[in-house]
Amino acid sequence: VPLAAKHRPRRRASRRAWRRQQVMEADGEGSTSEGRVWQWGPPRGSGGSRKKRRLDVSFGDIHTQNVQQLRKLNEHTFPVKYADKFYAEIPTLNKEFTQFAYFGGFVVGAICGRLEPMPGDAAKKRLYIMTIGVLVAYRECGVGRRLLNYLLDNARKRPEIALVYLHVQTNNDTALTFYAEAGFEKVGKIENYYKRIEPPDCYVLCKPVHYVRPDDPALAATELAASCGVPPAPLRPEA
């Protein structure tokens, strides 16, 4: 029997064992696939290379029974730790803007969006992207784009939603490029927005949905920034 043929079944078994080892069970969630967050990569000895491909993910609601999976995901995705009140709020949010991304029955990403009153216009709303995260092993596979498009597509169906906005750390070039490609624009910068990470500053990114810009470009920029919660720039003393 050729050597390669002898070792092929053993290699497949090793890969299955490696994947099983990477599954992280949440406390109290049992053994259902919805109660897991997992990561995987190339087996040891393979050189660590794997060609990225677009994944056919599915979406699922975030509710009180599985919100701890969001906590697990965030702990492996973001440099900041979210308070318990954050996870208490998530199940109460609109399901059109708050979803898990599943691949192979396991959570690999999530997006959380919150509707807020639109400053200066009681008839309109703004949609704030609280978090959007994908496990490292599943990045560059179209998961984040699918999550963002899911939220944006649902926002377009709601005529009362004027815009979508979020905060991005100023040195996060990957995220800035990701949102720029989706049509978001920088409308301002907030200094010392983050408390426990460096740099502490963030950019405010915005994508108008059902928003009518004033004809004056300067007025439009100022108004859009204010609508996203950007504090006005301090007045400079006259020379």
# chains A, B, ... in the order shown; residues from 1 in each chain; ligands from 1

call {"tool": "select_by_dssp", "arguments": {"residues": "stretch 74-235 of chain A", "states": "helix (DSSP H, G or I)", "output": "PyMOL selection string"}}
result
chain A and resi 74-75+84-92+136-138+143-156+173-181+217-227

call {"tool": "closest_atom_pairs", "arguments": {"of": "stretch 106-215 of chain A", "to": "stretch 58-65 of chain A", "cutoff": "10 Å", "atoms": "only C-alpha atoms", "output": "tab-separated table"}}
result
residue	atom	partner	partner_atom	distance
A:Phe106	CA	A:Ser58	CA	9.9
A:Val107	CA	A:Gly60	CA	9.2
A:Gly109	CA	A:Phe59	CA	9.5
A:Ala110	CA	A:Phe59	CA	8.8
A:Ile111	CA	A:Ile62	CA	9.6
A:Cys112	CA	A:Ile62	CA	9.1
A:Val143	CA	A:Ser58	CA	9.7
A:Arg146	CA	A:Ser58	CA	9.4
A:Leu147	CA	A:Phe59	CA	8.4
A:Tyr150	CA	A:Phe59	CA	9.2

call {"tool": "write_last_selection", "arguments": {"atoms": "C-alpha atoms", "output": "PDB file, in the first residue's frame"}}
result
ATOM      1  CA  PHE A 106     -21.206  27.210  14.867  1.00  0.00           C
ATOM      2  CA  VAL A 107     -21.086  30.906  15.698  1.00  0.00           C
ATOM      3  CA  GLY A 109     -19.459  36.261  13.820  1.00  0.00           C
ATOM      4  CA  ALA A 110     -22.124  38.692  14.958  1.00  0.00           C
ATOM      5  CA  ILE A 111     -23.462  42.179  14.402  1.00  0.00           C
ATOM      6  CA  CYS A 112     -25.384  44.292  16.913  1.00  0.00           C
ATOM      7  CA  VAL A 143     -18.503  36.982   6.795  1.00  0.00           C
ATOM      8  CA  ARG A 146     -22.469  39.569   4.796  1.00  0.00           C
ATOM      9  CA  LEU A 147     -23.300  40.766   8.312  1.00  0.00           C
ATOM     10  CA  TYR A 150     -27.721  42.240   6.218  1.00  0.00           C
TER      11      TYR A 150
END

call {"tool": "select_by_dssp", "arguments": {"residues": "stretch 11-236 of chain A", "states": "strand (DSSP E or B)", "output": "PyMOL selection string"}}
result
chain A and resi 23-25+36-38+58-61+98-103+106-118+121-134+161-169+185-190+202-208

call {"tool": "closest_residue", "arguments": {"among": "A:Pro200, A:Arg54, A:Glu160, A:Asp215", "to": "A:Ala123", "atoms": "only C-alpha atoms"}}
result
A:Glu160

call {"tool": "residues_around", "arguments": {"residues": "stretch 176-189 of chain A", "least_positions_apart": "6", "cutoff": "8 Å", "atoms": "only C-alpha atoms", "output": "list of chain:residue names"}}
result
A:Val168, A:Asp201, A:Cys202, A:Tyr203, A:Val204, A:Leu205, A:Cys206, A:Lys207, A:Ala221, A:Leu224, A:Ala225, A:Val230

call {"tool": "atom_distance", "arguments": {"atom1": "atom CA of A:Tyr211", "atom2": "atom CA of A:Tyr165"}}
result
12.5 Å

call {"tool": "residues_around", "arguments": {"residues": "A:Tyr87", "least_positions_apart": "6", "cutoff": "12 Å", "atoms": "only C-alpha atoms", "output": "MDAnalysis selection string"}}
result
chainID A and resid 62:74 81 93 98 112 130:131

call {"tool": "write_last_selection", "arguments": {"atoms": "N, CA, C and O atoms", "output": "compact mmCIF listing (two decimals), in the first residue's frame"}}
result
# COMPACT_ATOMS: atom_id res chain seq x y z
N ILE A 62 -30.15 36.60 18.17
CA ILE A 62 -29.48 36.59 19.46
C ILE A 62 -30.55 36.81 20.53
O ILE A 62 -31.27 37.81 20.49
N HIS A 63 -30.66 35.88 21.45
CA HIS A 63 -31.70 35.97 22.48
C HIS A 63 -31.10 35.61 23.84
O HIS A 63 -29.88 35.35 23.95
N THR A 64 -31.93 35.61 24.85
CA THR A 64 -31.42 35.41 26.21
C THR A 64 -30.78 34.04 26.40
O THR A 64 -29.87 33.90 27.23
N GLN A 65 -31.21 33.04 25.63
CA GLN A 65 -30.66 31.70 25.80
C GLN A 65 -29.26 31.55 25.19
O GLN A 65 -28.53 30.64 25.57
N ASN A 66 -28.90 32.41 24.24
CA ASN A 66 -27.59 32.24 23.60
C ASN A 66 -26.72 33.50 23.64
O ASN A 66 -25.67 33.55 22.99
N VAL A 67 -27.14 34.51 24.39
CA VAL A 67 -26.38 35.77 24.40
C VAL A 67 -24.99 35.57 24.97
O VAL A 67 -24.06 36.34 24.65
N GLN A 68 -24.79 34.54 25.81
CA GLN A 68 -23.44 34.30 26.34
C GLN A 68 -22.47 33.90 25.24
O GLN A 68 -21.25 34.06 25.39
N GLN A 69 -22.98 33.41 24.12
CA GLN A 69 -22.12 33.12 22.98
C GLN A 69 -21.58 34.41 22.36
O GLN A 69 -20.46 34.44 21.84
N LEU A 70 -22.37 35.47 22.45
CA LEU A 70 -21.88 36.77 22.00
C LEU A 70 -20.75 37.24 22.90
O LEU A 70 -19.76 37.81 22.41
N ARG A 71 -20.88 37.01 24.19
CA ARG A 71 -19.80 37.38 25.11
C ARG A 71 -18.52 36.62 24.75
O ARG A 71 -17.43 37.21 24.72
N LYS A 72 -18.64 35.32 24.49
CA LYS A 72 -17.48 34.51 24.09
C LYS A 72 -16.84 35.06 22.82
O LYS A 72 -15.62 35.18 22.70
N LEU A 73 -17.69 35.36 21.86
CA LEU A 73 -17.21 35.88 20.58
C LEU A 73 -16.47 37.19 20.78
O LEU A 73 -15.37 37.39 20.26
N ASN A 74 -17.07 38.10 21.54
CA ASN A 74 -16.46 39.41 21.75
C ASN A 74 -15.13 39.31 22.48
O ASN A 74 -14.21 40.08 22.21
N LYS A 81 -13.50 45.03 26.95
CA LYS A 81 -14.44 44.15 27.61
C LYS A 81 -15.75 44.89 27.82
O LYS A 81 -15.76 45.99 28.37
N LEU A 93 -33.03 44.17 21.48
CA LEU A 93 -32.90 44.99 20.27
C LEU A 93 -33.62 44.36 19.09
O LEU A 93 -33.93 43.16 19.09
N THR A 98 -29.57 42.81 14.65
CA THR A 98 -28.76 42.09 15.64
C THR A 98 -28.83 40.60 15.33
O THR A 98 -29.87 39.97 15.54
N CYS A 112 -24.38 43.77 15.98
CA CYS A 112 -25.38 44.29 16.91
C CYS A 112 -25.63 45.76 16.59
O CYS A 112 -24.70 46.57 16.64
N MET A 130 -23.25 48.88 17.17
CA MET A 130 -22.57 48.74 18.46
C MET A 130 -21.31 47.88 18.30
O MET A 130 -20.23 48.26 18.77
N THR A 131 -21.48 46.72 17.69
CA THR A 131 -20.34 45.83 17.43
C THR A 131 -20.59 45.05 16.15
O THR A 131 -21.74 44.77 15.79
